[in-house]
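Visitor: mmCIF, C-alpha atoms, saved as work23.cif, coming up:
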data_protein
loop_
_atom_site.label_atom_id
_atom_site.label_comp_id
_atom_site.auth_asym_id
_atom_site.auth_seq_id
_atom_site.Cartn_x
_atom_site.Cartn_y
_atom_site.Cartn_z
CA MET P 196 -70.32 10.32 15.04
CA ASN P 197 -69.69 6.54 15.03
CA LYS P 198 -69.34 6.59 11.23
CA HIS P 199 -66.77 9.40 11.48
CA SER P 200 -64.86 7.56 14.21
CA MET P 201 -64.76 4.37 12.15
CA THR P 202 -63.50 6.26 9.10
CA ILE P 203 -60.78 8.01 11.09
CA GLY P 204 -59.82 4.71 12.70
CA LEU P 205 -59.57 3.01 9.30
CA VAL P 206 -57.42 5.84 7.92
CA PHE P 207 -55.05 5.56 10.85
CA ALA P 208 -54.92 1.78 10.46
CA VAL P 209 -53.94 2.13 6.78
CA LEU P 210 -51.34 4.76 7.64
CA ALA P 211 -49.87 2.62 10.40
CA SER P 212 -49.55 -0.42 8.15
CA GLY P 213 -47.90 1.76 5.51
CA VAL P 214 -45.33 3.02 7.99
CA THR P 215 -44.61 -0.51 9.20
CA ALA P 216 -44.17 -1.77 5.63
CA HIS P 217 -41.87 1.14 4.83
CA SER P 218 -39.73 0.55 7.90
CA THR P 219 -39.49 -3.15 6.99
CA PHE P 220 -38.39 -2.26 3.47
CA ALA P 221 -36.01 0.34 4.91
CA LYS P 222 -34.49 -2.27 7.22
CA GLU P 223 -34.06 -4.69 4.31
CA ALA P 224 -32.48 -1.98 2.20
CA ALA P 225 -30.19 -1.02 5.06
CA ALA P 226 -29.32 -4.68 5.61
CA SER P 227 -28.17 -5.16 2.01
CA PRO P 228 -24.88 -3.19 2.32
CA ALA P 229 -24.25 -4.92 5.67
CA SER P 230 -24.75 -8.41 4.29
CA SER P 231 -22.65 -7.39 1.28
CA ILE P 232 -19.54 -6.68 3.39
CA VAL P 233 -20.02 -9.90 5.35
CA ALA P 234 -20.31 -11.84 2.09
CA GLU P 235 -17.18 -10.10 0.80
CA ALA P 236 -15.34 -11.01 4.00
CA ASN P 237 -16.35 -14.66 3.69
CA ALA P 238 -15.26 -14.75 0.05
CA ALA P 239 -11.93 -13.08 0.87
CA LEU P 240 -11.30 -15.56 3.69
CA ALA P 241 -12.04 -18.52 1.44
CA ALA P 242 -9.73 -17.17 -1.27
CA ALA P 243 -6.96 -16.55 1.27
CA GLU P 244 -7.22 -20.11 2.61
CA VAL P 245 -6.83 -21.51 -0.91
CA GLU P 246 -3.83 -19.26 -1.63
CA VAL P 247 -2.12 -20.09 1.67
CA GLU P 248 -2.61 -23.80 1.02
CA GLN P 249 -1.07 -23.41 -2.44
CA ALA P 250 1.84 -21.55 -0.86
CA ARG P 251 2.31 -24.40 1.62
CA LEU P 252 2.43 -26.91 -1.24
CA ALA P 253 4.89 -24.67 -3.08
CA ILE P 254 7.15 -24.55 -0.02
CA GLU P 255 7.13 -28.35 0.17
CA ALA P 256 8.14 -28.51 -3.50
CA GLY P 257 10.72 -25.79 -2.93
CA LYS P 258 12.57 -27.85 -0.32
CA GLU P 259 13.34 -30.42 -3.00
CA LEU P 260 14.20 -27.78 -5.62
CA ILE P 261 16.84 -26.15 -3.40
CA THR P 262 18.85 -29.35 -3.37
CA GLN P 263 19.09 -29.21 -7.17
CA ILE P 264 20.91 -25.84 -7.19
CA PRO P 265 24.69 -26.21 -7.09
CA GLU P 266 26.25 -24.51 -4.07
CA ASP P 267 28.69 -22.60 -6.28
CA SER P 268 25.92 -21.30 -8.54
CA PRO P 269 26.36 -17.54 -9.22
CA LEU P 270 22.63 -17.15 -8.60
CA MET P 271 22.90 -18.50 -5.05
CA PRO P 272 22.98 -15.05 -3.33
CA GLY P 273 19.77 -14.13 -5.14
CA VAL P 274 18.22 -17.44 -4.14
CA ALA P 275 19.18 -16.83 -0.51
CA GLN P 276 17.43 -13.42 -0.58
CA VAL P 277 14.35 -14.93 -2.18
CA ILE P 278 14.19 -17.68 0.43
CA GLN P 279 14.39 -15.06 3.18
CA SER P 280 11.58 -13.12 1.52
CA ALA P 281 9.50 -16.28 1.20
CA SER P 282 10.04 -17.06 4.87
CA ASP P 283 9.00 -13.55 5.98
CA ASN P 284 5.90 -13.54 3.80
CA TRP P 285 4.92 -17.06 4.83
CA LYS P 286 4.84 -15.93 8.43
CA ILE P 287 2.79 -12.87 7.44
CA ALA P 288 0.37 -15.04 5.45
CA VAL P 289 -0.17 -17.54 8.27
CA ASP P 290 -0.54 -14.90 11.00
CA SER P 291 -2.87 -12.77 8.89
CA LEU P 292 -5.07 -15.73 7.98
CA LYS P 293 -5.38 -16.55 11.66
CA GLY P 294 -6.26 -12.91 12.41
CA ALA P 295 -8.83 -12.83 9.61
CA LYS P 296 -10.53 -15.95 10.98
CA GLU P 297 -10.62 -14.45 14.48
CA SER P 298 -12.30 -11.30 13.16
CA ALA P 299 -14.75 -13.36 11.12
CA SER P 300 -15.71 -15.41 14.19
CA LYS P 301 -16.81 -12.21 15.94
CA ILE P 302 -19.22 -11.08 13.24
CA ALA P 303 -22.12 -13.29 14.30
CA THR P 304 -21.83 -12.39 18.00
CA ALA P 305 -21.35 -8.63 17.51
CA SER P 306 -23.70 -6.51 19.59
CA SER P 307 -24.71 -4.30 16.66
CA GLN P 308 -24.75 -4.35 12.87
CA SER P 309 -22.19 -1.55 12.79
CA ILE P 310 -19.71 -3.54 14.90
CA ALA P 311 -20.38 -6.65 12.80
CA ASN P 312 -19.57 -4.64 9.66
CA ASP P 313 -16.31 -3.44 11.22
CA TYR P 314 -15.28 -7.01 12.05
CA ALA P 315 -16.19 -8.03 8.51
CA LEU P 316 -14.06 -5.23 7.07
CA LEU P 317 -11.12 -6.19 9.30
CA SER P 318 -11.49 -9.84 8.31
CA LYS P 319 -11.64 -8.96 4.62
CA THR P 320 -8.56 -6.75 4.64
CA ASN P 321 -6.56 -9.11 6.84
CA ALA P 322 -7.48 -11.96 4.49
CA GLY P 323 -6.10 -9.78 1.69
CA VAL P 324 -2.79 -9.52 3.56
CA ALA P 325 -2.72 -13.32 3.90
CA GLN P 326 -3.53 -13.82 0.23
CA SER P 327 -0.92 -11.36 -1.01
CA GLY P 328 1.73 -12.82 1.33
CA ALA P 329 0.94 -16.30 0.03
CA SER P 330 1.23 -15.03 -3.55
CA VAL P 331 4.70 -13.65 -2.79
CA VAL P 332 5.72 -17.03 -1.35
CA GLN P 333 4.59 -18.79 -4.53
CA ILE P 334 6.49 -16.31 -6.71
CA ALA P 335 9.61 -16.87 -4.62
CA ILE P 336 9.36 -20.64 -5.06
CA SER P 337 8.82 -20.13 -8.79
CA TYR P 338 12.10 -18.21 -8.85
CA ILE P 339 13.88 -21.07 -7.11
CA ASP P 340 12.26 -23.48 -9.58
CA ALA P 341 13.54 -21.43 -12.51
CA VAL P 342 17.07 -21.37 -11.06
CA ALA P 343 17.02 -25.09 -10.26
CA ASN P 344 15.88 -25.99 -13.77
CA ASN P 345 18.23 -23.50 -15.43
CA ASN P 346 15.29 -21.61 -16.90
CA THR P 347 17.37 -18.45 -17.33
CA GLU P 348 15.03 -16.87 -19.89
CA SER P 349 12.27 -16.59 -17.30
CA LEU P 350 14.46 -15.28 -14.50
CA ASP P 351 14.20 -11.60 -15.49
CA ILE P 352 10.41 -11.77 -15.74
CA ILE P 353 10.13 -13.56 -12.41
CA ARG P 354 12.56 -11.16 -10.74
CA THR P 355 10.51 -8.14 -11.87
CA ALA P 356 7.27 -9.86 -10.87
CA MET P 357 8.78 -10.57 -7.44
CA GLN P 358 9.72 -6.91 -6.94
CA ASP P 359 6.27 -5.75 -8.03
CA ALA P 360 4.59 -8.30 -5.78
CA LEU P 361 6.72 -7.31 -2.79
CA ALA P 362 5.85 -3.65 -3.29
CA ALA P 363 2.16 -4.39 -3.74
CA SER P 364 1.97 -6.73 -0.73
CA SER P 365 3.62 -4.08 1.46
CA GLN P 366 0.84 -1.74 0.32
CA VAL P 367 -1.78 -4.34 1.27
CA GLN P 368 -0.27 -4.49 4.77
CA PHE P 369 -0.16 -0.71 4.98
CA TYR P 370 -3.82 -0.34 4.10
CA TYR P 371 -4.79 -3.08 6.56
CA GLU P 372 -3.06 -1.09 9.31
CA ARG P 373 -4.90 2.01 8.07
CA VAL P 374 -8.26 0.21 8.29
CA LYS P 375 -7.42 -0.97 11.81
CA THR P 376 -6.48 2.55 12.89
CA LEU P 377 -9.61 4.13 11.42
CA ILE P 378 -11.89 1.58 13.04
CA ALA P 379 -10.11 1.92 16.39
CA GLN P 380 -10.52 5.71 16.19
CA LYS P 381 -14.26 5.23 15.78
CA TYR P 382 -14.52 3.50 19.14
CA SER P 383 -12.05 5.65 21.02
CA LYS P 384 -14.13 8.80 20.53
CA MET M 261 -55.19 18.82 12.34
CA THR M 262 -54.15 21.34 14.96
CA LYS M 263 -51.43 23.90 14.37
CA LEU M 264 -49.22 22.24 16.97
CA THR M 265 -49.55 18.88 15.24
CA LYS M 266 -48.62 20.43 11.90
CA ILE M 267 -45.53 22.10 13.40
CA THR M 268 -44.49 18.83 15.10
CA LEU M 269 -44.92 16.82 11.92
CA SER M 270 -42.96 19.26 9.81
CA SER M 271 -40.16 19.35 12.43
CA PHE M 272 -39.89 15.57 12.33
CA CYS M 273 -39.72 15.64 8.53
CA LEU M 274 -36.96 18.25 8.48
CA THR M 275 -34.91 16.40 11.09
CA GLY M 276 -35.25 13.18 9.12
CA MET M 277 -34.09 14.89 5.93
CA LEU M 278 -31.13 16.44 7.75
CA CYS M 279 -30.09 13.07 9.22
CA ALA M 280 -30.35 11.41 5.82
CA THR M 281 -28.19 14.13 4.27
CA MET M 282 -25.56 13.84 6.99
CA ALA M 283 -25.45 10.04 6.69
CA SER M 284 -25.07 10.14 2.93
CA ALA M 285 -22.29 12.76 3.11
CA GLN M 286 -20.05 10.70 5.45
CA VAL M 287 -17.20 9.13 3.48
CA ASP M 288 -16.27 5.73 4.91
CA GLN M 289 -12.49 6.12 4.86
CA ALA M 290 -11.97 2.64 6.29
CA ALA M 291 -13.87 1.16 3.34
CA VAL M 292 -11.75 3.24 0.93
CA ALA M 293 -8.55 2.02 2.60
CA ALA M 294 -9.86 -1.54 2.29
CA ASP M 295 -10.51 -0.97 -1.43
CA LEU M 296 -6.96 0.30 -1.92
CA GLY M 297 -5.67 -2.80 -0.13
CA SER M 298 -7.85 -4.99 -2.37
CA ILE M 299 -6.47 -3.51 -5.55
CA ASN M 300 -2.89 -4.10 -4.42
CA ASN M 301 -3.80 -7.65 -3.45
CA ILE M 302 -5.15 -8.20 -6.98
CA SER M 303 -1.82 -6.85 -8.26
CA THR M 304 0.11 -9.56 -6.35
CA GLN M 305 -2.19 -12.21 -7.78
CA ALA M 306 -1.52 -10.90 -11.29
CA SER M 307 2.24 -11.06 -10.63
CA ASN M 308 1.82 -14.63 -9.37
CA ALA M 309 -0.13 -15.62 -12.49
CA LEU M 310 2.55 -14.00 -14.67
CA THR M 311 5.27 -15.92 -12.84
CA LYS M 312 3.46 -19.22 -13.36
CA GLU M 313 3.20 -18.56 -17.10
CA ALA M 314 6.88 -17.56 -17.27
CA ASN M 315 7.87 -20.76 -15.48
CA ALA M 316 5.61 -23.08 -17.46
CA LYS M 317 7.25 -25.98 -19.24
CA PRO M 318 7.05 -25.32 -22.16
CA VAL M 319 6.33 -21.58 -22.10
CA ASP M 320 3.15 -20.60 -23.94
CA THR M 321 4.19 -17.24 -25.39
CA GLU M 322 0.61 -16.12 -26.01
CA ALA M 323 -0.45 -16.95 -22.46
CA LEU M 324 2.67 -15.21 -21.16
CA ALA M 325 1.91 -12.07 -23.18
CA GLU M 326 -1.67 -12.11 -21.93
CA ALA M 327 -0.51 -12.47 -18.31
CA GLN M 328 1.92 -9.58 -18.84
CA LYS M 329 -0.88 -7.45 -20.27
CA ARG M 330 -3.17 -8.22 -17.31
CA SER M 331 -0.42 -7.43 -14.81
CA GLU M 332 0.32 -4.09 -16.49
CA ALA M 333 -3.37 -3.19 -16.66
CA ILE M 334 -3.81 -3.88 -12.95
CA SER M 335 -0.66 -1.91 -12.05
CA GLY M 336 -2.09 1.03 -13.97
CA LEU M 337 -5.40 0.73 -12.12
CA ALA M 338 -3.60 0.55 -8.76
CA GLU M 339 -1.82 3.82 -9.55
CA GLN M 340 -5.07 5.38 -10.67
CA ALA M 341 -6.71 4.34 -7.39
CA LYS M 342 -3.83 5.86 -5.43
CA SER M 343 -4.19 9.11 -7.32
CA LEU M 344 -7.96 9.11 -6.69
CA ALA M 345 -7.32 8.54 -2.98
CA ALA M 346 -5.09 11.63 -2.85
CA THR M 347 -7.83 13.59 -4.64
CA MET M 348 -10.41 12.33 -2.15
CA LEU M 349 -8.31 13.42 0.83
CA SER M 350 -7.89 16.84 -0.73
CA GLN M 351 -11.65 17.12 -1.27
CA LEU M 352 -12.31 16.12 2.34
CA ALA M 353 -9.78 18.69 3.55
CA ASN M 354 -11.67 21.34 1.56
CA GLY M 355 -14.96 20.22 3.10
CA ASN M 356 -16.33 18.95 -0.20
CA GLU M 357 -17.99 15.79 1.13
CA ASP M 358 -20.14 15.09 -1.92
CA ALA M 359 -17.20 15.21 -4.32
CA ALA M 360 -15.17 13.05 -1.91
CA GLN M 361 -17.95 10.46 -1.85
CA ALA M 362 -18.08 10.43 -5.64
CA THR M 363 -14.30 9.88 -5.71
CA ALA M 364 -14.63 7.08 -3.14
CA ASP M 365 -17.19 5.46 -5.45
CA GLU M 366 -14.72 5.79 -8.34
CA ILE M 367 -12.08 4.00 -6.27
CA LYS M 368 -14.55 1.17 -5.62
CA ALA M 369 -15.28 0.98 -9.35
CA THR M 370 -11.53 0.76 -10.02
CA VAL M 371 -11.35 -2.33 -7.80
CA GLY M 372 -14.09 -3.89 -9.93
CA LYS M 373 -12.09 -3.09 -13.08
CA ALA M 374 -9.00 -4.70 -11.55
CA LYS M 375 -10.96 -7.88 -10.74
CA ASP M 376 -12.19 -7.96 -14.35
CA ALA M 377 -8.66 -7.38 -15.64
CA LEU M 378 -7.41 -10.33 -13.59
CA GLN M 379 -9.92 -12.48 -15.49
CA GLY M 380 -8.79 -11.01 -18.80
CA VAL M 381 -11.58 -8.48 -19.30
CA ILE M 382 -9.59 -5.36 -20.13
CA PRO M 383 -11.42 -2.54 -21.92
CA GLN M 384 -9.33 -0.15 -23.99
CA GLU M 385 -9.78 2.65 -21.44
CA VAL M 386 -8.03 0.47 -18.83
CA MET M 387 -5.11 -0.24 -21.20
CA ASP M 388 -4.89 3.50 -21.90
CA VAL M 389 -4.46 4.07 -18.16
CA ALA M 390 -1.71 1.42 -18.03
CA ASN M 391 0.05 2.85 -21.10
CA SER M 392 -0.08 6.40 -19.75
CA LYS M 393 2.18 5.41 -16.86
CA GLY M 394 5.43 7.35 -17.05
CA GLU M 395 8.87 5.94 -16.38
CA SER M 396 9.06 4.21 -13.05
CA VAL M 397 10.02 6.67 -10.36
CA SER M 398 9.84 6.53 -6.61
CA GLY M 399 7.10 7.77 -4.35
CA PRO M 400 3.50 6.85 -3.71
CA GLY M 401 2.32 4.02 -5.91
CA PHE M 402 5.77 3.11 -7.24
CA PRO M 403 8.05 0.22 -6.34
CA PHE M 404 9.62 2.00 -3.40
CA ASP M 405 6.89 3.39 -1.21
CA PRO M 406 7.54 2.36 2.33
CA PRO M 407 4.38 2.10 4.37
CA ASN M 408 4.08 4.37 7.35
CA MET M 409 3.91 1.47 9.74
CA TYR M 410 4.62 3.57 12.82
CA ASP M 411 1.85 6.05 12.20
CA VAL M 412 4.22 8.99 12.20
CA PRO M 413 2.15 12.17 12.12
CA TRP M 414 3.16 13.47 8.71
CA GLN M 415 0.92 16.53 9.17
CA SER M 416 -0.31 16.13 5.63
CA GLN M 417 -0.46 13.64 2.81
CA GLU M 418 1.71 16.01 0.79
CA MET M 419 4.50 15.88 3.39
CA GLN M 420 4.32 12.09 3.48
CA ALA M 421 4.50 11.92 -0.30
CA PHE M 422 7.44 14.36 -0.31
CA TYR M 423 9.55 12.33 2.13
CA GLN M 424 8.69 9.00 0.58
CA ASN M 425 9.52 10.34 -2.85
CA TYR M 426 12.79 11.76 -1.55
CA PHE M 427 13.97 8.50 -0.06
CA GLY M 428 12.57 6.59 -2.99
CA THR M 429 14.60 8.65 -5.43
CA LEU M 430 17.70 7.97 -3.37
CA TRP M 431 16.95 4.25 -3.42
CA MET M 432 16.27 4.18 -7.15
CA SER M 433 19.49 6.02 -7.89
CA GLY M 434 21.44 3.06 -6.51
CA VAL M 435 23.64 5.42 -4.53
CA ASN M 436 24.15 4.19 -1.03
CA PRO M 437 25.14 6.45 1.83
CA PRO M 438 28.93 6.24 2.24
CA ASP M 439 30.35 4.16 5.04
CA LEU M 440 31.73 6.55 7.57
CA GLU M 441 34.14 5.84 10.33
CA ALA M 442 32.51 5.87 13.72
CA THR M 443 35.37 7.97 15.02
CA PRO M 444 37.34 9.89 12.40
CA GLU M 445 40.97 8.81 12.33
#
Would it be possible to restate this file's structure as structure tokens?

Guide:
Amino acid sequence: MNKHSMTIGLVFAVLASGVTAHSTFAKEAAASPASSIVAEANAALAAAEVEVEQARLAIEAGKELITQIPEDSPLMPGVAQVIQSASDNWKIAVDSLKGAKESASKIATASSQSIANDYALLSKTNAGVAQSGASVVQIAISYIDAVANNNTESLDIIRTAMQDALAASSQVQFYYERVKTLIAQKYSK
Amino acid sequence: MTKLTKITLSSFCLTGMLCATMASAQVDQAAVAADLGSINNISTQASNALTKEANAKPVDTEALAEAQKRSEAISGLAEQAKSLAATMLSQLANGNEDAAQATADEIKATVGKAKDALQGVIPQEVMDVANSKGESVSGPGFPFDPPNMYDVPWQSQEMQAFYQNYFGTLWMSGVNPPDLEATPE
């Protein structure tokens, strides 16, 4: 009887340790996708900060370049539009970077892994908005540079690149809003 | 083992399998939207890189051609991702969760290809996608595709695409609505 009890006890002990090990491995496996999105968010935020800083430097350079363009230049109306576009996208870049950092700051204090992942996704996509806005600003300043230095051969390429970048960055903003809506819907149910 | 224990154990197993199936079938639409945003972000970076090459003093024609090639490859991938997203929504509407998940995975893979293309790694299949682009027209994925910022209930993706394409065609035609008098004279 005692021998049987010991055997049964040993079997249960082995089973229990197996279940614990499996659940540990399962938790680690489940944690991998979660840590992946957080890592992606951190990388996106870092990249956005670099891009926004480059845009800021470009704007500083652009202030000097503007003074080199004659007021009666036939390209002045185009330059004015580009400056307006740069201004709008600079504001988007700065606001979005701030928003991305706010979302990122909430990841560590989130009450569950699921909520942390949602903050990470918001941070990542908002950082994308900042990065694309900053890219548009840099393209705009490049256009002004080309006009100021009479680099007419490049103007067509830069103009097309500017249009493509504006269209693409509007898509980035659209999909950020989509992400926000989908996540909000999750918590309003 | 008693009969009751066997029944209980098998019930737990079945429930676990059902939960696993349900979890794996759920398409994370927010993640897909984020991927689509990522690919467009990569597109702006490619345009920025192209601009820098075009504005270099002196212009390196080979570097400029390479930047142009990368930008075109990424534009092609962005369109492909958009098309896949429409396919995914259609699959979800038809209740085909597994196919929708596979399409979502394809979209994610497309983002990876775009990142590679930005670094200059462009397999022939990616260039084929870029070269298969038709003439630029309006509508989803093309230069004029206004985002639905106000969350208007379009009832369906098809309706949204129809209206955006309609206005996009008008925009691309260069024809502006005529100026009308507020009160006819």

Visitor: Fewer than 2 positions away in the same chain doesn't count, so skip those; otherwise give me all residues within 8 Å of range 312-321 of chain M, counting all atoms listed in the file, as a ChimeraX atom specification.

Guide: /P:334,337,340-341,346,349,352-353 /M:308-310,323-325,327

Visitor: May I ask which of the residues P:Asp290, P:Ala236, P:Gln308, P:Ala241 is the closest one to chain M, counting all atoms listed in the file?

Guide: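 The closest residue to chain M is P:Ala236.
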
Visitor: Could you check the closest approach to Glu332 in chain M for each of M:Ala377, M:Ala353, M:Ile299, M:Ala369 and tell me which residue wins, using only C-alpha atoms?

Guide: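 Ranked by minimum distance to Glu332 in chain M, first place goes to M:Ala377.
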
Visitor: Calculate how many Å separate CA of Ser392 in chain M from CA of Glu326 in chain M, rounding to one decimal.

Guide: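 Separation between CA of Ser392 in chain M and CA of Glu326 in chain M: 18.7 Å.
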
Visitor: Considering only C-alpha atoms, can you say which of P:Tyr382, P:Tyr370, P:Trp285, P:Tyr314 comes closest to chain M?

Guide: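 Distance minimum relative to chain M lands on P:Tyr370.
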
Visitor: In Å, with one decimal, what is the gap from CA of Thr347 in chain M to CA of Lys381 in chain P?

Guide: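 Separating CA of Thr347 in chain M from CA of Lys381 in chain P is a distance of 23.0 Å.
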
Visitor: Decode the PyMOL selection byres ((chain M) within 6 of (chain P)) for the given file into explicit residues and return them as a list in words.

Guide: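 That selection, the PyMOL selection byres ((chain M) within 6 of (chain P)), comes back as Ala290, Ala293, Ala294, Gly297, Asn300, Asn301, Thr304, Ser307, Asn308, Thr311, Ala314, Pro403 and Pro407 of chain M.
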
Visitor: For CA of Glu339 in chain M and CA of Ala374 in chain M, determine how far apart the two atoms are, in Å to one decimal place.

Guide: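 Straight-line distance from CA of Glu339 in chain M to CA of Ala374 in chain M works out to 11.3 Å.
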
Visitor: Fewer than 3 positions away in the same chain doesn't count, so skip those; otherwise give me all residues within 7 Å of Ala343 in chain P, counting all atoms listed in the file, as a tab-separated table (two decimals) with C-alpha atoms, in the frame of the given file.

Guide:
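This is the output file selection19.tsv:
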chain	number	residue	atom	x	y	z
P	260	LEU	CA	14.20	-27.78	-5.62
P	261	ILE	CA	16.84	-26.15	-3.40
P	263	GLN	CA	19.09	-29.21	-7.17
P	264	ILE	CA	20.91	-25.84	-7.19
P	339	ILE	CA	13.88	-21.07	-7.11
P	340	ASP	CA	12.26	-23.48	-9.58

Visitor: Nearest residue to Ala346 in chain M out of M:Leu296, M:Ala333, M:Met387, M:Ile302, using all atoms listed in the file?

Guide: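 Of M:Leu296, M:Ala333, M:Met387, M:Ile302, the one nearest Ala346 in chain M is M:Leu296, counting all atoms listed in the file.
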
Visitor: Hey, can I get the axis-aligned box for range 339-354 of chain M? All listed atoms, 4 Å padding on each side, centre and edge lengths in Å to one decimal, as JSON.

Guide:
{"center_x": -7.1, "center_y": 12.6, "center_z": -3.6, "size_x": 18.5, "size_y": 25.5, "size_z": 22.2}

Visitor: Nearest residue to Ala253 in chain P out of P:Ala295, P:Ala281, P:Ile310, P:Ala305, using all atoms listed in the file?

Guide: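 With all atoms listed in the file as the atom set, the closest residue is P:Ala281.
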
Visitor: Might you pull out every residue within 8 Å of Leu337 in chain M, with only C-alpha atoms counted and same-chain residues fewer than 6 positions away left off, and present them as a tab-separated table (two decimals) with C-alpha atoms, keeping the file's coordinate frame?

Guide:
chain	number	residue	atom	x	y	z
M	299	ILE	CA	-6.47	-3.51	-5.55
M	370	THR	CA	-11.53	0.76	-10.02
M	371	VAL	CA	-11.35	-2.33	-7.80
M	373	LYS	CA	-12.09	-3.09	-13.08
M	374	ALA	CA	-9.00	-4.70	-11.55
M	386	VAL	CA	-8.03	0.47	-18.83
M	389	VAL	CA	-4.46	4.07	-18.16
M	390	ALA	CA	-1.71	1.42	-18.03
